[in-house]
Amino acid sequence: MTRLADLPATVDLLIIGAGTAGLVAAKTAAGFGADTLLVEAHRTGGDCLWTGCVPSKSLIAAAEIAQSARDGSHLGVHVDGIRVDFAAVMAHVHGAMATIAPVDSPETIEQSGARVVIGRARFTGPRRAEIDGRPIAFRQAVIATGSAPTLPHTPGMEGVSVLTSDTVWDLTTLPERLVVIGGGAIGCELGQAFARLGSRVVLVQRGPRLLPKEDENAARIVTAALEDDGVDVRLSTEVVRVEANDDGESGILHLVDGTSVPFDRLLAALGRFPRTEGLGLDAAEVRTTERGHVIVDRALRTSNPRIWAAGDVSGLPQFTHTAGVNGSVAATNAVLGLRRTVSDVVPRVTFTHPEVAAVGLQPSEAAANGCSVQTVDHTHVDRAIVDDRTTGFTSLVIDGRGRLRGALIVGPRAGESLGEASLAVSAGLKTNAIASATHAYPTYSDALFNAAVADVRERLQSGALNVAVRALSRVRSWRVR
Ligand SMILES: Cc1cc2nc3c(=O)[nH]c(=O)nc-3n(C[C@H](O)[C@H](O)[C@H](O)COP(=O)(O)OP(=O)(O)OC[C@H]3O[C@@H](n4cnc5c(N)ncnc54)[C@H](O)[C@@H]3O)c2cc1C
């Protein structure tokens, strides 16, 4: 790690924030030979490693094992006396973080050729910044400061220590009664995981359904799955008041529908806001949206032509893979003077059970875009049948020329099957490319294969192709004669 005192007066590229976007930007720029400085206020690795993907998926893994043990009797395997040792579960969560952390460490980044300094950066002008008060000039800069959880501002909430995705990983005991406020991806993933680990979970969602950004049928399946796991899902309601107990953690939640819910801990999953406070964006002549996201063009350039932005702070889809890819795009454009643009094809997975995996156009958008939909229900997928996990479906959205324009998969390991669909959508592949590739049996991706085969078959039977096939067979019979 570099000391502040050892910094040069000017660097080629200043990157603020060492989450996924900043880390990938730094490695990319250093790889091009640019004099690169990565500044991090807290710890390298960012949300994905410390508070996001890694801890949440580790917790979900433990929760899935607990649930599989309970469900074993469906397949004739009776597991008695299931006991969740929450301290051991959290040790697994922190163990996973510790195992991955070296990949994102200052030492690893410095080995790639970039300097890493710990300190808080702030712009002081269009080409100048300071790090903990030490001035530095830059030729180009990348803003990669990420986002932070939104806190609720309901009357009485100030008396309760509300958990967020930043702090829930510090829990040492499993909350007996947990209320989750917010039914988006994070609320659903964590609510279901805690229920499977043994908490009594109430999930409060303001809107009429969970996962409002996802397909309605997918959300319906996830809602039923959460309820099967014991989550008390309260839709179309919101918190109006909180009564805190003296311990500062537990209390009673009063909902707008007149009901009240006692809780031991409260977890807010209300979305995220961009981390731009104190960043000096005005001094840098970098404009933001009303919600505070840094405004970028498709090449990730801000209103200051020397400054770029990537990751959650840019308001583009908030995923680690987007942050990584866009960190690389921003650094490449900044260092090489190119205008590479970001991809519109962004796969996403909600890691509930079943998972919801989506890319490109969704079934509800098909008609408006001149596309058709092929759906295979997982009751017809042999892998799902042998696993006794037939709840789910695979839908492909296909344009008039047979090109895959989007996919939605709901089921176990849906995120793994999504890779093939993402490749097909981004490469503009047609369903006959999927249908002519041999798929291993029995796998969940059989569903994708069968949906593609169904589409190819329909096209072959359609009028235009029929004419072509008839013409070909006439030519063939003439040749045979
Ligand atoms: C619970 C949860 C689960 C998630 N699960 C998934 C998942 O399964 N898959 C997925 O793709 N995405 C997931 N995400 C989203 C993913 O974590 C984020 O999209 C990703 O981490 C964003 O990366 P980033 O680089 O933009 O920002 P961050 O990772 O937030 O990094 C920003 C960094 O900037 C630093 N910083 C901020 N201001 C300054 C400053 N002034 N000076 C210096 N440093 C500064 C911060 O300390 C931080 O380290 C999840 C998020 C959460 C909260």
# chains A, B, ... in the order shown; residues from 1 in each chain; ligands from 1
$ residues_near_ligand --ligand "ligand 1" --cutoff "6 Å" --atoms "only C-alpha atoms and all ligand atoms" --output "VMD selection string"
chain A and resid 16 to 22 39 to 44 46 to 48 51 to 53 56 119 to 122 144 to 147 165 186 275 279 311 to 313 318 to 321 323
$ select_by_dssp --residues "stretch 7-180 of chain A" --states "helix (DSSP H, G or I)" --output "mmCIF file with N, CA, C and O atoms, in the first residue's frame"
data_model
loop_
_atom_site.group_PDB
_atom_site.id
_atom_site.type_symbol
_atom_site.label_atom_id
_atom_site.label_comp_id
_atom_site.auth_asym_id
_atom_site.auth_seq_id
_atom_site.Cartn_x
_atom_site.Cartn_y
_atom_site.Cartn_z
ATOM 1 N N THR A 20 -15.962 -3.036 -6.691
ATOM 2 C CA THR A 20 -15.719 -3.781 -7.940
ATOM 3 C C THR A 20 -15.370 -2.842 -9.094
ATOM 4 O O THR A 20 -14.413 -3.095 -9.840
ATOM 5 N N ALA A 21 -16.132 -1.748 -9.245
ATOM 6 C CA ALA A 21 -15.893 -0.838 -10.378
ATOM 7 C C ALA A 21 -14.486 -0.252 -10.311
ATOM 8 O O ALA A 21 -13.750 -0.255 -11.310
ATOM 9 N N GLY A 22 -14.104 0.247 -9.136
ATOM 10 C CA GLY A 22 -12.788 0.872 -8.988
ATOM 11 C C GLY A 22 -11.649 -0.125 -9.139
ATOM 12 O O GLY A 22 -10.620 0.173 -9.754
ATOM 13 N N LEU A 23 -11.837 -1.312 -8.571
ATOM 14 C CA LEU A 23 -10.773 -2.329 -8.648
ATOM 15 C C LEU A 23 -10.514 -2.741 -10.094
ATOM 16 O O LEU A 23 -9.357 -2.821 -10.539
ATOM 17 N N VAL A 24 -11.605 -2.989 -10.824
ATOM 18 C CA VAL A 24 -11.431 -3.421 -12.224
ATOM 19 C C VAL A 24 -10.866 -2.264 -13.048
ATOM 20 O O VAL A 24 -9.986 -2.467 -13.896
ATOM 21 N N ALA A 25 -11.337 -1.050 -12.770
ATOM 22 C CA ALA A 25 -10.804 0.121 -13.494
ATOM 23 C C ALA A 25 -9.301 0.242 -13.251
ATOM 24 O O ALA A 25 -8.521 0.478 -14.190
ATOM 25 N N ALA A 26 -8.885 0.060 -11.991
ATOM 26 C CA ALA A 26 -7.465 0.216 -11.653
ATOM 27 C C ALA A 26 -6.615 -0.839 -12.364
ATOM 28 O O ALA A 26 -5.566 -0.527 -12.941
ATOM 29 N N LYS A 27 -7.084 -2.094 -12.330
ATOM 30 C CA LYS A 27 -6.301 -3.156 -12.981
ATOM 31 C C LYS A 27 -6.228 -2.923 -14.486
ATOM 32 O O LYS A 27 -5.193 -3.138 -15.116
ATOM 33 N N THR A 28 -7.356 -2.477 -15.073
ATOM 34 C CA THR A 28 -7.382 -2.234 -16.525
ATOM 35 C C THR A 28 -6.400 -1.124 -16.893
ATOM 36 O O THR A 28 -5.569 -1.281 -17.798
ATOM 37 N N ALA A 29 -6.491 0.001 -16.149
ATOM 38 C CA ALA A 29 -5.641 1.153 -16.485
ATOM 39 C C ALA A 29 -4.167 0.819 -16.281
ATOM 40 O O ALA A 29 -3.321 1.151 -17.120
ATOM 41 N N ALA A 30 -3.867 0.129 -15.179
ATOM 42 C CA ALA A 30 -2.470 -0.232 -14.913
ATOM 43 C C ALA A 30 -1.964 -1.172 -16.007
ATOM 44 O O ALA A 30 -0.808 -1.085 -16.435
ATOM 45 N N GLY A 31 -2.855 -2.045 -16.480
ATOM 46 C CA GLY A 31 -2.489 -2.971 -17.558
ATOM 47 C C GLY A 31 -2.099 -2.234 -18.828
ATOM 48 O O GLY A 31 -1.285 -2.725 -19.615
ATOM 49 N N GLY A 46 -15.099 -3.319 -1.414
ATOM 50 C CA GLY A 46 -16.423 -2.715 -1.608
ATOM 51 C C GLY A 46 -17.570 -3.552 -1.092
ATOM 52 O O GLY A 46 -17.406 -4.523 -0.348
ATOM 53 N N ASP A 47 -18.758 -3.156 -1.538
ATOM 54 C CA ASP A 47 -19.993 -3.772 -1.036
ATOM 55 C C ASP A 47 -20.093 -5.242 -1.387
ATOM 56 O O ASP A 47 -20.586 -6.045 -0.608
ATOM 57 N N CYS A 48 -19.688 -5.602 -2.593
ATOM 58 C CA CYS A 48 -19.865 -6.993 -3.013
ATOM 59 C C CYS A 48 -19.183 -7.931 -2.017
ATOM 60 O O CYS A 48 -19.774 -8.894 -1.539
ATOM 61 N N LEU A 49 -17.950 -7.610 -1.675
ATOM 62 C CA LEU A 49 -17.189 -8.495 -0.795
ATOM 63 C C LEU A 49 -17.651 -8.417 0.658
ATOM 64 O O LEU A 49 -17.822 -9.437 1.317
ATOM 65 N N TRP A 50 -17.859 -7.195 1.167
ATOM 66 C CA TRP A 50 -18.033 -7.030 2.619
ATOM 67 C C TRP A 50 -19.485 -7.006 3.080
ATOM 68 O O TRP A 50 -19.781 -7.358 4.220
ATOM 69 N N CYS A 53 -22.916 -9.251 -2.159
ATOM 70 C CA CYS A 53 -23.034 -10.591 -2.773
ATOM 71 C C CYS A 53 -22.432 -11.685 -1.906
ATOM 72 O O CYS A 53 -23.070 -12.721 -1.684
ATOM 73 N N VAL A 54 -21.206 -11.488 -1.441
ATOM 74 C CA VAL A 54 -20.492 -12.596 -0.779
ATOM 75 C C VAL A 54 -21.166 -12.990 0.543
ATOM 76 O O VAL A 54 -21.534 -14.159 0.728
ATOM 77 N N PRO A 55 -21.390 -12.043 1.474
ATOM 78 C CA PRO A 55 -22.061 -12.486 2.714
ATOM 79 C C PRO A 55 -23.485 -12.975 2.475
ATOM 80 O O PRO A 55 -23.910 -13.962 3.073
ATOM 81 N N SER A 56 -24.225 -12.302 1.571
ATOM 82 C CA SER A 56 -25.632 -12.716 1.398
ATOM 83 C C SER A 56 -25.712 -14.111 0.784
ATOM 84 O O SER A 56 -26.511 -14.941 1.215
ATOM 85 N N LYS A 57 -24.849 -14.392 -0.201
ATOM 86 C CA LYS A 57 -24.930 -15.727 -0.818
ATOM 87 C C LYS A 57 -24.388 -16.803 0.124
ATOM 88 O O LYS A 57 -24.808 -17.969 0.069
ATOM 89 N N SER A 58 -23.471 -16.425 1.020
ATOM 90 C CA SER A 58 -22.990 -17.395 2.016
ATOM 91 C C SER A 58 -24.104 -17.733 2.996
ATOM 92 O O SER A 58 -24.286 -18.892 3.379
ATOM 93 N N LEU A 59 -24.851 -16.713 3.421
ATOM 94 C CA LEU A 59 -25.978 -16.942 4.341
ATOM 95 C C LEU A 59 -27.048 -17.793 3.661
ATOM 96 O O LEU A 59 -27.591 -18.734 4.243
ATOM 97 N N ILE A 60 -27.321 -17.464 2.390
ATOM 98 C CA ILE A 60 -28.339 -18.203 1.629
ATOM 99 C C ILE A 60 -27.920 -19.672 1.482
ATOM 100 O O ILE A 60 -28.760 -20.578 1.546
ATOM 101 N N ALA A 61 -26.620 -19.918 1.314
ATOM 102 C CA ALA A 61 -26.146 -21.305 1.171
ATOM 103 C C ALA A 61 -26.456 -22.101 2.434
ATOM 104 O O ALA A 61 -26.940 -23.242 2.369
ATOM 105 N N ALA A 62 -26.216 -21.493 3.600
ATOM 106 C CA ALA A 62 -26.510 -22.194 4.863
ATOM 107 C C ALA A 62 -28.012 -22.412 5.001
ATOM 108 O O ALA A 62 -28.467 -23.490 5.408
ATOM 109 N N ALA A 63 -28.780 -21.376 4.641
ATOM 110 C CA ALA A 63 -30.241 -21.472 4.758
ATOM 111 C C ALA A 63 -30.781 -22.566 3.839
ATOM 112 O O ALA A 63 -31.715 -23.293 4.200
ATOM 113 N N GLU A 64 -30.177 -22.719 2.673
ATOM 114 C CA GLU A 64 -30.656 -23.729 1.726
ATOM 115 C C GLU A 64 -30.417 -25.140 2.264
ATOM 116 O O GLU A 64 -31.252 -26.034 2.115
ATOM 117 N N ILE A 65 -29.275 -25.311 2.933
ATOM 118 C CA ILE A 65 -28.992 -26.642 3.495
ATOM 119 C C ILE A 65 -30.014 -26.965 4.588
ATOM 120 O O ILE A 65 -30.547 -28.081 4.657
ATOM 121 N N ALA A 66 -30.320 -25.971 5.415
ATOM 122 C CA ALA A 66 -31.320 -26.197 6.482
ATOM 123 C C ALA A 66 -32.649 -26.600 5.858
ATOM 124 O O ALA A 66 -33.305 -27.552 6.299
ATOM 125 N N GLN A 67 -33.029 -25.887 4.792
ATOM 126 C CA GLN A 67 -34.323 -26.172 4.175
ATOM 127 C C GLN A 67 -34.317 -27.519 3.452
ATOM 128 O O GLN A 67 -35.296 -28.271 3.507
ATOM 129 N N SER A 68 -33.200 -27.846 2.795
ATOM 130 C CA SER A 68 -33.117 -29.142 2.104
ATOM 131 C C SER A 68 -33.262 -30.268 3.114
ATOM 132 O O SER A 68 -33.898 -31.288 2.834
ATOM 133 N N ALA A 69 -32.659 -30.089 4.294
ATOM 134 C CA ALA A 69 -32.777 -31.127 5.326
ATOM 135 C C ALA A 69 -34.245 -31.300 5.725
ATOM 136 O O ALA A 69 -34.740 -32.420 5.846
ATOM 137 N N ARG A 70 -34.948 -30.168 5.873
ATOM 138 C CA ARG A 70 -36.380 -30.268 6.235
ATOM 139 C C ARG A 70 -37.184 -30.919 5.113
ATOM 140 O O ARG A 70 -38.098 -31.691 5.358
ATOM 141 N N ASP A 71 -36.816 -30.563 3.848
ATOM 142 C CA ASP A 71 -37.571 -31.068 2.695
ATOM 143 C C ASP A 71 -37.220 -32.504 2.339
ATOM 144 O O ASP A 71 -37.878 -33.107 1.486
ATOM 145 N N GLY A 72 -36.164 -33.047 2.965
ATOM 146 C CA GLY A 72 -35.680 -34.379 2.598
ATOM 147 C C GLY A 72 -36.755 -35.438 2.642
ATOM 148 O O GLY A 72 -36.745 -36.384 1.841
ATOM 149 N N SER A 73 -37.715 -35.286 3.554
ATOM 150 C CA SER A 73 -38.745 -36.314 3.709
ATOM 151 C C SER A 73 -39.570 -36.472 2.427
ATOM 152 O O SER A 73 -40.098 -37.552 2.170
ATOM 153 N N HIS A 74 -39.643 -35.446 1.572
ATOM 154 C CA HIS A 74 -40.368 -35.562 0.290
ATOM 155 C C HIS A 74 -39.753 -36.664 -0.560
ATOM 156 O O HIS A 74 -40.405 -37.269 -1.385
ATOM 157 N N LEU A 75 -38.446 -36.866 -0.398
ATOM 158 C CA LEU A 75 -37.744 -37.869 -1.201
ATOM 159 C C LEU A 75 -37.419 -39.108 -0.369
ATOM 160 O O LEU A 75 -36.595 -39.922 -0.754
ATOM 161 N N PHE A 86 -26.296 -20.530 14.758
ATOM 162 C CA PHE A 86 -26.168 -19.260 14.036
ATOM 163 C C PHE A 86 -24.739 -18.709 14.080
ATOM 164 O O PHE A 86 -24.259 -18.132 13.107
ATOM 165 N N ALA A 87 -24.075 -18.922 15.220
ATOM 166 C CA ALA A 87 -22.689 -18.430 15.316
ATOM 167 C C ALA A 87 -21.826 -19.126 14.250
ATOM 168 O O ALA A 87 -20.983 -18.480 13.603
ATOM 169 N N ALA A 88 -22.063 -20.421 14.049
ATOM 170 C CA ALA A 88 -21.286 -21.155 13.043
ATOM 171 C C ALA A 88 -21.671 -20.702 11.632
ATOM 172 O O ALA A 88 -20.816 -20.616 10.736
ATOM 173 N N VAL A 89 -22.963 -20.404 11.435
ATOM 174 C CA VAL A 89 -23.394 -19.885 10.121
ATOM 175 C C VAL A 89 -22.650 -18.580 9.831
ATOM 176 O O VAL A 89 -22.096 -18.383 8.738
ATOM 177 N N MET A 90 -22.614 -17.700 10.834
ATOM 178 C CA MET A 90 -21.939 -16.409 10.606
ATOM 179 C C MET A 90 -20.422 -16.600 10.451
ATOM 180 O O MET A 90 -19.763 -15.834 9.739
ATOM 181 N N ALA A 91 -19.894 -17.632 11.098
ATOM 182 C CA ALA A 91 -18.461 -17.915 10.915
ATOM 183 C C ALA A 91 -18.221 -18.323 9.453
ATOM 184 O O ALA A 91 -17.210 -17.940 8.849
ATOM 185 N N HIS A 92 -19.167 -19.074 8.885
ATOM 186 C CA HIS A 92 -19.047 -19.438 7.463
ATOM 187 C C HIS A 92 -19.106 -18.178 6.588
ATOM 188 O O HIS A 92 -18.317 -18.010 5.650
ATOM 189 N N VAL A 93 -20.065 -17.275 6.922
ATOM 190 C CA VAL A 93 -20.220 -16.027 6.150
ATOM 191 C C VAL A 93 -18.904 -15.238 6.167
ATOM 192 O O VAL A 93 -18.392 -14.819 5.115
ATOM 193 N N HIS A 94 -18.348 -15.071 7.362
ATOM 194 C CA HIS A 94 -17.121 -14.271 7.474
ATOM 195 C C HIS A 94 -15.916 -15.017 6.897
ATOM 196 O O HIS A 94 -14.983 -14.399 6.374
ATOM 197 N N GLY A 95 -15.978 -16.349 6.977
ATOM 198 C CA GLY A 95 -14.904 -17.171 6.391
ATOM 199 C C GLY A 95 -14.849 -17.008 4.883
ATOM 200 O O GLY A 95 -13.776 -16.903 4.293
ATOM 201 N N ALA A 96 -16.047 -16.966 4.253
ATOM 202 C CA ALA A 96 -16.086 -16.797 2.791
ATOM 203 C C ALA A 96 -15.503 -15.438 2.410
ATOM 204 O O ALA A 96 -14.719 -15.321 1.449
ATOM 205 N N MET A 97 -15.874 -14.423 3.190
ATOM 206 C CA MET A 97 -15.336 -13.079 2.896
ATOM 207 C C MET A 97 -13.811 -13.078 3.030
ATOM 208 O O MET A 97 -13.086 -12.542 2.180
ATOM 209 N N ALA A 98 -13.321 -13.704 4.108
ATOM 210 C CA ALA A 98 -11.868 -13.718 4.351
ATOM 211 C C ALA A 98 -11.132 -14.489 3.248
ATOM 212 O O ALA A 98 -10.015 -14.130 2.863
ATOM 213 N N THR A 99 -11.765 -15.530 2.714
ATOM 214 C CA THR A 99 -11.114 -16.326 1.661
ATOM 215 C C THR A 99 -10.992 -15.522 0.366
ATOM 216 O O THR A 99 -9.997 -15.609 -0.347
ATOM 217 N N ILE A 100 -12.033 -14.729 0.082
ATOM 218 C CA ILE A 100 -12.031 -13.979 -1.187
ATOM 219 C C ILE A 100 -11.238 -12.674 -1.066
ATOM 220 O O ILE A 100 -10.668 -12.187 -2.047
ATOM 221 N N ALA A 101 -11.161 -12.124 0.167
ATOM 222 C CA ALA A 101 -10.568 -10.783 0.367
ATOM 223 C C ALA A 101 -9.187 -10.583 -0.272
ATOM 224 O O ALA A 101 -8.927 -9.512 -0.846
ATOM 225 N N PRO A 102 -8.274 -11.556 -0.207
ATOM 226 C CA PRO A 102 -6.936 -11.305 -0.777
ATOM 227 C C PRO A 102 -6.954 -10.926 -2.258
ATOM 228 O O PRO A 102 -6.080 -10.196 -2.734
ATOM 229 N N VAL A 103 -7.967 -11.400 -2.995
ATOM 230 C CA VAL A 103 -8.055 -11.075 -4.428
ATOM 231 C C VAL A 103 -8.202 -9.564 -4.620
ATOM 232 O O VAL A 103 -7.725 -8.994 -5.601
ATOM 233 N N ASP A 104 -8.883 -8.928 -3.656
ATOM 234 C CA ASP A 104 -9.162 -7.488 -3.772
ATOM 235 C C ASP A 104 -8.245 -6.646 -2.875
ATOM 236 O O ASP A 104 -8.508 -5.469 -2.641
ATOM 237 N N PRO A 106 -5.091 -4.447 -1.243
ATOM 238 C CA PRO A 106 -4.187 -3.432 -1.794
ATOM 239 C C PRO A 106 -2.924 -4.064 -2.389
ATOM 240 O O PRO A 106 -2.449 -3.639 -3.438
ATOM 241 N N GLU A 107 -2.413 -5.118 -1.740
ATOM 242 C CA GLU A 107 -1.173 -5.758 -2.221
ATOM 243 C C GLU A 107 -1.398 -6.346 -3.624
ATOM 244 O O GLU A 107 -0.576 -6.168 -4.520
ATOM 245 N N THR A 108 -2.548 -7.032 -3.802
ATOM 246 C CA THR A 108 -2.826 -7.643 -5.109
ATOM 247 C C THR A 108 -2.957 -6.566 -6.181
ATOM 248 O O THR A 108 -2.446 -6.706 -7.293
ATOM 249 N N ILE A 109 -3.656 -5.476 -5.825
ATOM 250 C CA ILE A 109 -3.849 -4.398 -6.818
ATOM 251 C C ILE A 109 -2.499 -3.769 -7.170
ATOM 252 O O ILE A 109 -2.207 -3.484 -8.330
ATOM 253 N N GLU A 110 -1.670 -3.573 -6.134
ATOM 254 C CA GLU A 110 -0.368 -2.939 -6.415
ATOM 255 C C GLU A 110 0.502 -3.843 -7.296
ATOM 256 O O GLU A 110 1.286 -3.347 -8.100
ATOM 257 N N GLN A 111 0.307 -5.165 -7.137
ATOM 258 C CA GLN A 111 1.070 -6.083 -8.009
ATOM 259 C C GLN A 111 0.694 -5.887 -9.482
ATOM 260 O O GLN A 111 1.470 -6.159 -10.382
ATOM 261 N N MET A 157 -38.698 5.568 14.552
ATOM 262 C CA MET A 157 -37.617 4.713 14.036
ATOM 263 C C MET A 157 -36.274 5.088 14.684
ATOM 264 O O MET A 157 -35.386 4.251 14.822
ATOM 265 N N GLU A 158 -36.151 6.360 15.093
ATOM 266 C CA GLU A 158 -34.871 6.802 15.657
ATOM 267 C C GLU A 158 -34.552 6.108 16.986
ATOM 268 O O GLU A 158 -33.396 6.074 17.416
ATOM 269 N N GLY A 159 -35.587 5.505 17.601
ATOM 270 C CA GLY A 159 -35.339 4.816 18.871
ATOM 271 C C GLY A 159 -34.864 3.378 18.691
ATOM 272 O O GLY A 159 -34.574 2.687 19.672
ATOM 273 N N VAL A 168 -26.178 -6.049 9.011
ATOM 274 C CA VAL A 168 -26.807 -7.322 9.403
ATOM 275 C C VAL A 168 -25.761 -8.428 9.600
ATOM 276 O O VAL A 168 -25.970 -9.376 10.363
ATOM 277 N N TRP A 169 -24.593 -8.243 8.979
ATOM 278 C CA TRP A 169 -23.539 -9.279 9.059
ATOM 279 C C TRP A 169 -22.841 -9.261 10.403
ATOM 280 O O TRP A 169 -22.033 -10.149 10.693
ATOM 281 N N ASP A 170 -23.145 -8.268 11.251
ATOM 282 C CA ASP A 170 -22.542 -8.219 12.589
ATOM 283 C C ASP A 170 -23.399 -8.944 13.618
ATOM 284 O O ASP A 170 -23.029 -9.031 14.784
#
$ residues_around --residues "A:Arg127" --least-positions-apart "3" --cutoff "7 Å" --atoms "only C-alpha atoms" --output "list in words"
Ala137, Phe138 and Arg139 of chain A
$ select_by_dssp --residues "stretch 37-172 of chain A" --states "strand (DSSP E)" --output "PyMOL selection string"
chain A and resi 37-40+115-118+121-125+128-131+134-143+147-149
$ residues_around --residues "A:Asp232" --least-positions-apart "5" --cutoff "9 Å" --atoms "only C-alpha atoms" --output "number ranges by chain"
A: 200-204, 226-227
$ closest_residue --among "A:Thr173, A:Ser422, A:Cys188, A:Arg383" --to "A:Pro212" --atoms "only C-alpha atoms"
A:Cys188
$ atom_distance --atom1 "atom CA of A:Ala421" --atom2 "atom CA of A:Leu460"
21.9 Å
$ closest_residue --among "A:Asp446, A:Glu130, A:Asp282, A:Asp215" --to "A:Ala384" --atoms "only C-alpha atoms"
A:Asp446
$ closest_residue --among "A:Val231, A:Ala268, A:Ile82, A:Ala447" --to "A:Leu151" --atoms "only C-alpha atoms"
A:Ala268
$ closest_residue --among "A:Thr394, A:Gln205, A:Thr167, A:Ser462" --to "A:Pro149" --atoms "only C-alpha atoms"
A:Thr167
$ closest_residue --among "A:Pro305, A:Gly183, A:Pro412, A:Pro8" --to "A:Ile136" --atoms "only C-alpha atoms"
A:Pro8
$ atom_distance --atom1 "atom CA of A:Leu270" --atom2 "atom CA of A:Thr352"
17.3 Å
$ atom_distance --atom1 "atom CA of A:Gly182" --atom2 "atom CA of A:Gly258"
18.4 Å
$ closest_residue --among "A:Ile307, A:Ile385, A:Val296, A:Ile221" --to "A:Leu13" --atoms "only C-alpha atoms"
A:Ile307
$ residues_around --residues "stretch 252-257 of chain A" --least-positions-apart "2" --cutoff "9 Å" --atoms "only C-alpha atoms" --output "PyMOL selection string"
chain A and resi 179+204+236-245+250+259-264
$ residues_around --residues "A:Thr391" --least-positions-apart "5" --cutoff "8 Å" --atoms "only C-alpha atoms" --output "ChimeraX atom specification"
/A:221,354,378-379,410-411
